[in-house]
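Data from work11.cif: mmCIF, C-alpha atoms
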```cif
data_structure
loop_
_atom_site.label_atom_id
_atom_site.label_comp_id
_atom_site.auth_asym_id
_atom_site.auth_seq_id
_atom_site.Cartn_x
_atom_site.Cartn_y
_atom_site.Cartn_z
CA MET A 11 123.50 73.11 111.32
CA GLU A 12 125.75 75.93 112.55
CA LYS A 13 128.74 73.57 112.66
CA PHE A 14 128.04 72.50 109.05
CA ARG A 15 127.97 76.15 107.87
CA LYS A 16 131.34 76.84 109.48
CA ILE A 17 132.92 73.78 107.87
CA ALA A 18 131.40 74.59 104.45
CA LEU A 19 132.75 78.15 104.60
CA LEU A 20 136.36 77.15 105.33
CA PRO A 21 137.37 76.58 101.66
CA LEU A 22 135.78 79.92 100.69
CA ILE A 23 137.59 81.73 103.49
CA ALA A 24 140.91 80.14 102.44
CA ALA A 25 140.37 81.17 98.81
CA LEU A 26 139.52 84.76 99.80
CA ALA A 27 142.57 84.91 102.06
CA ALA A 28 144.78 83.82 99.16
CA CYS A 29 143.33 86.58 96.99
CA ALA A 30 143.79 89.15 99.73
CA THR A 31 147.44 88.23 100.25
CA GLY A 32 148.21 88.14 96.52
CA GLN A 33 148.96 84.41 96.48
CA PRO A 34 148.81 83.05 92.92
CA SER A 35 145.94 80.67 92.39
CA GLY A 36 146.21 79.67 88.72
CA PRO A 37 147.84 76.68 87.02
CA ARG A 38 151.25 75.52 88.26
CA ALA A 39 154.18 73.84 86.51
CA GLU A 40 157.61 72.65 87.57
CA ALA A 41 160.95 71.61 86.11
CA THR A 42 163.48 69.48 87.97
CA LEU A 43 166.97 70.40 86.82
CA ALA A 44 169.62 67.72 86.41
CA PRO A 45 173.29 68.38 85.62
CA THR A 46 174.60 68.03 82.12
CA GLN A 47 177.65 65.83 81.63
CA GLY A 48 180.60 66.91 83.78
CA ASN A 49 178.56 69.40 85.84
CA THR A 50 176.93 69.35 89.28
CA ALA A 51 174.11 71.91 89.00
CA SER A 52 170.62 70.77 90.00
CA GLY A 53 167.45 72.30 91.35
CA ILE A 54 163.77 73.04 91.03
CA ILE A 55 162.10 75.74 88.95
CA THR A 56 158.43 76.44 89.70
CA PHE A 57 156.02 78.41 87.56
CA GLN A 58 152.73 79.74 88.95
CA GLN A 59 150.20 81.47 86.68
CA ASN A 60 148.41 84.44 88.25
CA GLY A 61 146.14 85.94 85.61
CA ALA A 62 148.33 87.35 82.83
CA LYS A 63 151.44 87.19 85.05
CA MET A 64 153.78 84.28 85.72
CA MET A 65 155.64 83.85 89.00
CA VAL A 66 158.96 82.07 88.37
CA ARG A 67 160.93 80.68 91.32
CA ALA A 68 164.32 79.05 90.90
CA ASP A 69 166.29 77.22 93.57
CA VAL A 70 169.54 75.87 92.13
CA SER A 71 172.71 74.45 93.70
CA GLY A 72 176.01 73.06 92.45
CA LEU A 73 176.90 76.17 90.44
CA PRO A 74 180.22 78.00 90.32
CA PRO A 75 179.88 81.30 92.24
CA GLY A 76 178.71 84.23 90.11
CA ALA A 77 176.04 85.01 87.52
CA HIS A 78 174.45 82.40 85.26
CA GLY A 79 172.16 82.73 82.25
CA PHE A 80 168.85 80.96 82.74
CA HIS A 81 166.25 80.43 80.00
CA ILE A 82 163.21 78.50 78.84
CA HIS A 83 164.19 76.57 75.71
CA GLU A 84 161.98 75.46 72.82
CA LYS A 85 162.20 71.68 73.39
CA GLY A 86 161.56 69.59 76.46
CA ASP A 87 164.44 67.28 75.63
CA CYS A 88 167.44 66.90 77.94
CA SER A 89 168.77 63.72 76.31
CA ALA A 90 171.98 65.20 74.87
CA PRO A 91 174.89 65.04 77.35
CA ASP A 92 175.48 68.79 76.88
CA GLY A 93 171.78 69.79 76.92
CA THR A 94 171.76 70.97 73.30
CA SER A 95 168.77 68.72 72.57
CA ALA A 96 166.63 71.40 74.30
CA GLY A 97 167.15 73.61 71.23
CA GLY A 98 167.27 77.39 71.26
CA HIS A 99 165.42 79.87 73.43
CA PHE A 100 161.62 79.65 73.48
CA ASN A 101 160.67 82.49 71.14
CA PRO A 102 157.15 82.16 69.65
CA ALA A 103 156.95 85.86 68.72
CA ALA A 104 160.33 85.86 66.88
CA LYS A 105 161.78 88.70 68.98
CA MET A 106 165.40 89.56 69.70
CA HIS A 107 167.10 88.20 72.81
CA GLY A 108 166.99 90.67 75.70
CA TYR A 109 166.37 91.43 79.34
CA PRO A 110 163.10 89.79 80.47
CA LEU A 111 161.68 92.90 82.16
CA HIS A 112 162.03 94.99 78.99
CA ALA A 113 159.53 94.93 76.11
CA ASN A 114 161.71 93.32 73.44
CA HIS A 115 162.91 89.84 74.45
CA HIS A 116 162.30 86.15 73.83
CA ALA A 117 159.41 84.70 75.82
CA GLY A 118 161.98 82.30 77.30
CA ASP A 119 164.42 84.97 78.51
CA LEU A 120 164.70 84.87 82.30
CA PRO A 121 166.76 86.97 84.74
CA GLN A 122 170.23 85.96 85.89
CA LEU A 123 170.81 83.42 88.60
CA ALA A 124 173.43 84.69 91.04
CA ALA A 125 175.21 81.86 92.84
CA ASN A 126 176.77 82.58 96.22
CA ALA A 127 180.12 81.23 97.46
CA LYS A 128 178.44 77.86 98.20
CA GLY A 129 177.16 77.61 94.61
CA GLU A 130 173.53 78.21 95.60
CA ALA A 131 171.23 80.51 93.64
CA TRP A 132 167.66 81.56 94.32
CA VAL A 133 165.47 83.97 92.39
CA GLU A 134 161.80 84.87 92.30
CA VAL A 135 160.39 87.09 89.57
CA THR A 136 157.01 87.90 88.05
CA LEU A 137 156.94 88.09 84.26
CA ASP A 138 154.50 88.76 81.43
CA GLY A 139 154.20 86.75 78.23
CA LEU A 140 154.19 83.16 79.51
CA SER A 141 151.31 80.76 80.11
CA ILE A 142 150.67 77.30 81.47
CA GLY A 143 148.57 74.99 79.32
CA GLU A 144 147.25 77.36 76.67
CA GLY A 145 148.21 79.56 73.73
CA ALA A 146 151.39 80.18 71.78
CA ASN A 147 153.31 81.07 74.95
CA ASP A 148 152.51 77.80 76.76
CA ILE A 149 155.67 76.64 78.57
CA VAL A 150 154.50 73.09 79.42
CA GLY A 151 156.74 70.59 77.66
CA LYS A 152 159.53 73.13 77.10
CA GLY A 153 163.04 72.89 78.55
CA VAL A 154 164.76 75.00 81.19
CA ILE A 155 168.51 75.52 80.86
CA VAL A 156 171.03 77.01 83.28
CA HIS A 157 174.27 78.16 81.64
CA ALA A 158 177.85 78.28 82.91
CA GLY A 159 178.25 82.05 82.52
CA PRO A 160 176.29 85.29 82.76
CA ASP A 161 173.79 86.42 80.14
CA ASP A 162 174.82 89.74 78.57
CA PHE A 163 171.18 90.29 77.44
CA SER A 164 172.36 91.71 74.12
CA SER A 165 174.35 89.12 72.12
CA GLN A 166 172.14 87.40 69.56
CA PRO A 167 170.58 84.96 69.53
CA ALA A 168 171.15 83.80 73.11
CA GLY A 169 173.13 86.18 75.35
CA ASN A 170 176.55 84.49 75.17
CA SER A 171 175.98 82.54 78.41
CA GLY A 172 178.29 79.67 77.61
CA PRO A 173 177.79 75.93 78.01
CA ARG A 174 174.63 74.41 79.46
CA VAL A 175 175.25 73.11 82.99
CA ALA A 176 171.73 71.93 83.88
CA CYS A 177 168.55 70.97 82.04
CA GLY A 178 164.97 70.19 83.03
CA VAL A 179 161.59 69.71 81.36
CA ILE A 180 158.58 71.80 82.40
CA ALA A 181 155.57 69.71 83.45
CA ALA A 182 152.14 70.83 84.64
CA LYS A 183 151.43 70.06 88.30
#
```
Take the structure I supplied and represent it as structure tokens, if you would.
Amino acid sequence: MEKFRKIALLPLIAALAACATGQPSGPRAEATLAPTQGNTASGIITFQQNGAKMMVRADVSGLPPGAHGFHIHEKGDCSAPDGTSAGGHFNPAAKMHGYPLHANHHAGDLPQLAANAKGEAWVEVTLDGLSIGEGANDIVGKGVIVHAGPDDFSSQPAGNSGPRVACGVIAAK
């Protein structure tokens, strides 16, 4: 009986440990980025819901060195060779484009990706205003776009980030 109790408690202990370490435990989604025509960028973007917060992790390669705009777009459609089939930025509240850690911005505005000399970029950020699987800010089925240039976070409607170099569709996991 003692052995059974120990085995039965293992999942509970693991769940409590995750809470204690701040590990997100809510719904998860992912987008696999593929290059648009003439580009080489690819990668994985993961989204992990943690209450009202969303952890966004991007791991992208094949980029020119430097900063790159990176956004959730309104359509989960990467069929156009240049990625324009993904539409504009995801913006259910009809806000102005802006920096994602400030109050006034599109729901789909994400921070810059900064590619190193090898063309690799990695970022992890926690954001408000996104959800997985429910409500107006649900990102499942939306597109993720990486742009050729930096986002100026002020030009309207999209930050003047240049052509789309990679596109992926967000799917629940």
(request) Would you mind telling me which residue in A:Ala182, A:Gly79, A:Met65, A:Val156 lies nearest to A:Leu43 when using all atoms listed in the file? (result)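 Using all atoms listed in the file, A:Leu43 sits closest to A:Val156.
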Per residue of stretch 34-95 of chain A within 8 Å of stretch 158-180 of chain A, note the shortest atom pair and the distance in Å to one decimal, counting only C-alpha atoms, and order the rows by chain and increasing residue number, as a tab-separated table.
```
residue	atom	partner	partner_atom	distance
A:Ala39	CA	A:Ile180	CA	6.4
A:Glu40	CA	A:Ile180	CA	5.3
A:Ala41	CA	A:Ile180	CA	4.4
A:Thr42	CA	A:Gly178	CA	5.2
A:Leu43	CA	A:Gly178	CA	4.3
A:Ala44	CA	A:Ala176	CA	5.3
A:Pro45	CA	A:Ala176	CA	4.3
A:Thr46	CA	A:Ala176	CA	5.2
A:Gln47	CA	A:Val175	CA	7.8
A:Asn49	CA	A:Val175	CA	5.7
A:Thr50	CA	A:Val175	CA	7.5
A:Ala51	CA	A:Ala176	CA	5.6
A:Ser52	CA	A:Ala176	CA	6.3
A:Leu73	CA	A:Ala158	CA	7.9
A:Pro74	CA	A:Ala158	CA	7.8
A:Gly76	CA	A:Pro160	CA	7.8
A:Ala77	CA	A:Pro160	CA	4.8
A:His78	CA	A:Pro160	CA	4.2
A:Gly79	CA	A:Asp161	CA	4.6
A:Phe80	CA	A:Asp161	CA	7.8
A:Gly86	CA	A:Val179	CA	4.9
A:Asp87	CA	A:Val179	CA	6.8
A:Cys88	CA	A:Cys177	CA	5.9
A:Asp92	CA	A:Arg174	CA	6.2
A:Gly93	CA	A:Arg174	CA	6.0
A:Thr94	CA	A:Arg174	CA	7.6
```
Determine, counting all atoms listed in the file, which protein, DNA and RNA residues have an atom within 8 Å of an atom of A:Ala117; residues of the same chain fewer than 2 positions away are not included. Present the result as a PDB file with C-alpha atoms, in the frame of the given file.
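The result, stored in result_27.pdb:
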```pdb
ATOM      1  CA  ILE A  82     163.210  78.500  78.840  1.00  0.00           C
ATOM      2  CA  PHE A 100     161.620  79.650  73.480  1.00  0.00           C
ATOM      3  CA  ASN A 101     160.670  82.490  71.140  1.00  0.00           C
ATOM      4  CA  PRO A 102     157.150  82.160  69.650  1.00  0.00           C
ATOM      5  CA  ALA A 103     156.950  85.860  68.720  1.00  0.00           C
ATOM      6  CA  PRO A 110     163.100  89.790  80.470  1.00  0.00           C
ATOM      7  CA  HIS A 115     162.910  89.840  74.450  1.00  0.00           C
ATOM      8  CA  ASP A 119     164.420  84.970  78.510  1.00  0.00           C
ATOM      9  CA  GLY A 139     154.200  86.750  78.230  1.00  0.00           C
ATOM     10  CA  LEU A 140     154.190  83.160  79.510  1.00  0.00           C
ATOM     11  CA  ASN A 147     153.310  81.070  74.950  1.00  0.00           C
TER      12      ASN A 147
END
```
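Between atom CA of A:Gly145 and atom CA of A:Gly98 the separation is 19.3 Å.
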(message) Would you compute the distance between atom CA of A:Ser95 and atom CA of A:His83? Give it in Å to one decimal.
(response)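 Between atom CA of A:Ser95 and atom CA of A:His83 the gap is 9.6 Å.
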Could you write out as AutoDock Vina command-line options the box around stretch 47-65 of chain A (axis-aligned, all atoms listed in the file, 6 Å on each side), with centre and edge lengths in Å to one decimal?
```
--center_x 163.4 --center_y 76.6 --center_z 86.5 --size_x 46.5 --size_y 33.5 --size_z 21.7
```
(message) So that I can see what lies close to A:Gln58, please list as number ranges by chain the residues with an atom at most 10 Å from it, counting only C-alpha atoms and leaving out residues fewer than 6 positions away in the same chain.
(response) A: 33-40, 64-67, 136, 141-142, 182-183
Starting from the displayed file, determine the output of the PyMOL selection byres ((chain A and resi 130) around 7) and express the residue list as an mmCIF file with C-alpha atoms, in the frame of the given file.
```cif
data_model
loop_
_atom_site.group_PDB
_atom_site.id
_atom_site.type_symbol
_atom_site.label_atom_id
_atom_site.label_comp_id
_atom_site.auth_asym_id
_atom_site.auth_seq_id
_atom_site.Cartn_x
_atom_site.Cartn_y
_atom_site.Cartn_z
ATOM 1 C CA VAL A 70 169.540 75.870 92.130
ATOM 2 C CA SER A 71 172.710 74.450 93.700
ATOM 3 C CA GLY A 72 176.010 73.060 92.450
ATOM 4 C CA LEU A 73 176.900 76.170 90.440
ATOM 5 C CA ALA A 125 175.210 81.860 92.840
ATOM 6 C CA ASN A 126 176.770 82.580 96.220
ATOM 7 C CA LYS A 128 178.440 77.860 98.200
ATOM 8 C CA GLY A 129 177.160 77.610 94.610
ATOM 9 C CA ALA A 131 171.230 80.510 93.640
ATOM 10 C CA TRP A 132 167.660 81.560 94.320
#
```
(request) Kindly give the distance, in Å, that separates atom CA of A:Pro91 and atom CA of A:Val133, rounded to a single decimal. (result)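 Distance reported for this atom pair: 25.9 Å.
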(request) Choose the residue, out of A:Leu137, A:His157, A:Glu84, A:Ser89, that has the smallest atom-to-atom separation from A:Ala124; count all atoms listed in the file. (result)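 Of all the options, A:His157 lies closest to A:Ala124.
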(message) So, with only C-alpha atoms as the atoms that count, which of A:Gln59, A:His81, A:Lys152, A:Ala127 lies closest to A:Gly108?
(response) A:His81
(message) Let me make sure I understand: among A:Ile155, A:Leu111, A:Ala62, A:Ala181, which one has the smallest atom-to-atom distance to A:Leu123 if we use all atoms listed in the file?
(response)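 Using all atoms listed in the file, A:Leu123 sits closest to A:Ile155.
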Rebuild stretch 34-70 of chain A to N, CA and C atoms - output it as a PDB file, in the coordinates of the input, please.
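Writing done, so here's rebuild.pdb:
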```pdb
ATOM      1  N   PRO A  34     149.282  83.535  94.218  1.00  0.00           N
ATOM      2  CA  PRO A  34     148.810  83.050  92.920  1.00  0.00           C
ATOM      3  C   PRO A  34     147.891  81.843  93.092  1.00  0.00           C
ATOM      4  N   SER A  35     146.886  81.775  92.265  1.00  0.00           N
ATOM      5  CA  SER A  35     145.940  80.670  92.390  1.00  0.00           C
ATOM      6  C   SER A  35     145.691  79.942  91.072  1.00  0.00           C
ATOM      7  N   GLY A  36     146.411  80.288  90.019  1.00  0.00           N
ATOM      8  CA  GLY A  36     146.210  79.670  88.720  1.00  0.00           C
ATOM      9  C   GLY A  36     147.008  78.390  88.548  1.00  0.00           C
ATOM     10  N   PRO A  37     147.113  77.915  87.304  1.00  0.00           N
ATOM     11  CA  PRO A  37     147.840  76.680  87.020  1.00  0.00           C
ATOM     12  C   PRO A  37     149.303  76.767  87.471  1.00  0.00           C
ATOM     13  N   ARG A  38     149.870  75.617  87.768  1.00  0.00           N
ATOM     14  CA  ARG A  38     151.250  75.520  88.260  1.00  0.00           C
ATOM     15  C   ARG A  38     152.019  74.506  87.414  1.00  0.00           C
ATOM     16  N   ALA A  39     153.302  74.770  87.215  1.00  0.00           N
ATOM     17  CA  ALA A  39     154.180  73.840  86.510  1.00  0.00           C
ATOM     18  C   ALA A  39     155.528  73.830  87.210  1.00  0.00           C
ATOM     19  N   GLU A  40     156.324  72.804  86.892  1.00  0.00           N
ATOM     20  CA  GLU A  40     157.610  72.650  87.570  1.00  0.00           C
ATOM     21  C   GLU A  40     158.607  71.952  86.662  1.00  0.00           C
ATOM     22  N   ALA A  41     159.859  72.303  86.807  1.00  0.00           N
ATOM     23  CA  ALA A  41     160.950  71.610  86.110  1.00  0.00           C
ATOM     24  C   ALA A  41     161.991  71.215  87.149  1.00  0.00           C
ATOM     25  N   THR A  42     162.395  69.962  87.114  1.00  0.00           N
ATOM     26  CA  THR A  42     163.480  69.480  87.970  1.00  0.00           C
ATOM     27  C   THR A  42     164.751  69.484  87.134  1.00  0.00           C
ATOM     28  N   LEU A  43     165.718  70.283  87.551  1.00  0.00           N
ATOM     29  CA  LEU A  43     166.970  70.400  86.820  1.00  0.00           C
ATOM     30  C   LEU A  43     167.930  69.287  87.203  1.00  0.00           C
ATOM     31  N   ALA A  44     168.576  68.720  86.201  1.00  0.00           N
ATOM     32  CA  ALA A  44     169.620  67.720  86.410  1.00  0.00           C
ATOM     33  C   ALA A  44     170.879  68.236  85.723  1.00  0.00           C
ATOM     34  N   PRO A  45     172.058  67.888  86.238  1.00  0.00           N
ATOM     35  CA  PRO A  45     173.290  68.380  85.620  1.00  0.00           C
ATOM     36  C   PRO A  45     173.534  67.770  84.249  1.00  0.00           C
ATOM     37  N   THR A  46     174.113  68.569  83.385  1.00  0.00           N
ATOM     38  CA  THR A  46     174.600  68.030  82.120  1.00  0.00           C
ATOM     39  C   THR A  46     175.942  67.353  82.411  1.00  0.00           C
ATOM     40  N   GLN A  47     176.427  66.620  81.434  1.00  0.00           N
ATOM     41  CA  GLN A  47     177.650  65.830  81.630  1.00  0.00           C
ATOM     42  C   GLN A  47     178.823  66.695  82.125  1.00  0.00           C
ATOM     43  N   GLY A  48     179.449  66.231  83.217  1.00  0.00           N
ATOM     44  CA  GLY A  48     180.600  66.910  83.780  1.00  0.00           C
ATOM     45  C   GLY A  48     180.263  68.064  84.704  1.00  0.00           C
ATOM     46  N   ASN A  49     178.985  68.287  84.983  1.00  0.00           N
ATOM     47  CA  ASN A  49     178.560  69.400  85.840  1.00  0.00           C
ATOM     48  C   ASN A  49     177.834  68.871  87.068  1.00  0.00           C
ATOM     49  N   THR A  50     177.584  69.765  88.030  1.00  0.00           N
ATOM     50  CA  THR A  50     176.930  69.350  89.280  1.00  0.00           C
ATOM     51  C   THR A  50     175.670  70.145  89.601  1.00  0.00           C
ATOM     52  N   ALA A  51     175.270  71.055  88.727  1.00  0.00           N
ATOM     53  CA  ALA A  51     174.110  71.910  89.000  1.00  0.00           C
ATOM     54  C   ALA A  51     172.814  71.102  88.988  1.00  0.00           C
ATOM     55  N   SER A  52     171.946  71.396  89.939  1.00  0.00           N
ATOM     56  CA  SER A  52     170.620  70.770  90.000  1.00  0.00           C
ATOM     57  C   SER A  52     169.689  71.714  90.736  1.00  0.00           C
ATOM     58  N   GLY A  53     168.393  71.451  90.643  1.00  0.00           N
ATOM     59  CA  GLY A  53     167.450  72.300  91.350  1.00  0.00           C
ATOM     60  C   GLY A  53     166.031  72.136  90.871  1.00  0.00           C
ATOM     61  N   ILE A  54     165.191  73.031  91.353  1.00  0.00           N
ATOM     62  CA  ILE A  54     163.770  73.040  91.030  1.00  0.00           C
ATOM     63  C   ILE A  54     163.385  74.437  90.558  1.00  0.00           C
ATOM     64  N   ILE A  55     162.660  74.489  89.452  1.00  0.00           N
ATOM     65  CA  ILE A  55     162.100  75.740  88.950  1.00  0.00           C
ATOM     66  C   ILE A  55     160.586  75.577  88.986  1.00  0.00           C
ATOM     67  N   THR A  56     159.890  76.487  89.658  1.00  0.00           N
ATOM     68  CA  THR A  56     158.430  76.440  89.700  1.00  0.00           C
ATOM     69  C   THR A  56     157.854  77.639  88.966  1.00  0.00           C
ATOM     70  N   PHE A  57     156.738  77.397  88.325  1.00  0.00           N
ATOM     71  CA  PHE A  57     156.020  78.410  87.560  1.00  0.00           C
ATOM     72  C   PHE A  57     154.587  78.428  88.084  1.00  0.00           C
ATOM     73  N   GLN A  58     154.091  79.603  88.434  1.00  0.00           N
ATOM     74  CA  GLN A  58     152.730  79.740  88.950  1.00  0.00           C
ATOM     75  C   GLN A  58     152.036  80.851  88.185  1.00  0.00           C
ATOM     76  N   GLN A  59     150.987  80.493  87.446  1.00  0.00           N
ATOM     77  CA  GLN A  59     150.200  81.470  86.680  1.00  0.00           C
ATOM     78  C   GLN A  59     149.325  82.258  87.649  1.00  0.00           C
ATOM     79  N   ASN A  60     149.285  83.566  87.471  1.00  0.00           N
ATOM     80  CA  ASN A  60     148.410  84.440  88.250  1.00  0.00           C
ATOM     81  C   ASN A  60     147.825  85.457  87.287  1.00  0.00           C
ATOM     82  N   GLY A  61     146.717  85.094  86.649  1.00  0.00           N
ATOM     83  CA  GLY A  61     146.140  85.940  85.610  1.00  0.00           C
ATOM     84  C   GLY A  61     147.079  85.980  84.426  1.00  0.00           C
ATOM     85  N   ALA A  62     147.428  87.190  83.969  1.00  0.00           N
ATOM     86  CA  ALA A  62     148.330  87.350  82.830  1.00  0.00           C
ATOM     87  C   ALA A  62     149.808  87.305  83.248  1.00  0.00           C
ATOM     88  N   LYS A  63     150.062  87.192  84.524  1.00  0.00           N
ATOM     89  CA  LYS A  63     151.440  87.190  85.050  1.00  0.00           C
ATOM     90  C   LYS A  63     151.878  85.761  85.383  1.00  0.00           C
ATOM     91  N   MET A  64     153.201  85.568  85.362  1.00  0.00           N
ATOM     92  CA  MET A  64     153.780  84.280  85.720  1.00  0.00           C
ATOM     93  C   MET A  64     154.832  84.495  86.802  1.00  0.00           C
ATOM     94  N   MET A  65     154.639  83.828  87.938  1.00  0.00           N
ATOM     95  CA  MET A  65     155.640  83.850  89.000  1.00  0.00           C
ATOM     96  C   MET A  65     156.625  82.720  88.712  1.00  0.00           C
ATOM     97  N   VAL A  66     157.901  83.050  88.621  1.00  0.00           N
ATOM     98  CA  VAL A  66     158.960  82.070  88.370  1.00  0.00           C
ATOM     99  C   VAL A  66     159.857  82.049  89.602  1.00  0.00           C
ATOM    100  N   ARG A  67     160.036  80.857  90.169  1.00  0.00           N
ATOM    101  CA  ARG A  67     160.930  80.680  91.320  1.00  0.00           C
ATOM    102  C   ARG A  67     161.977  79.632  90.960  1.00  0.00           C
ATOM    103  N   ALA A  68     163.229  79.980  91.171  1.00  0.00           N
ATOM    104  CA  ALA A  68     164.320  79.050  90.900  1.00  0.00           C
ATOM    105  C   ALA A  68     165.125  78.842  92.167  1.00  0.00           C
ATOM    106  N   ASP A  69     165.438  77.592  92.446  1.00  0.00           N
ATOM    107  CA  ASP A  69     166.290  77.220  93.570  1.00  0.00           C
ATOM    108  C   ASP A  69     167.292  76.211  93.027  1.00  0.00           C
ATOM    109  N   VAL A  70     168.534  76.674  92.822  1.00  0.00           N
ATOM    110  CA  VAL A  70     169.540  75.870  92.130  1.00  0.00           C
ATOM    111  C   VAL A  70     170.802  75.789  92.988  1.00  0.00           C
TER     112      VAL A  70
END
```
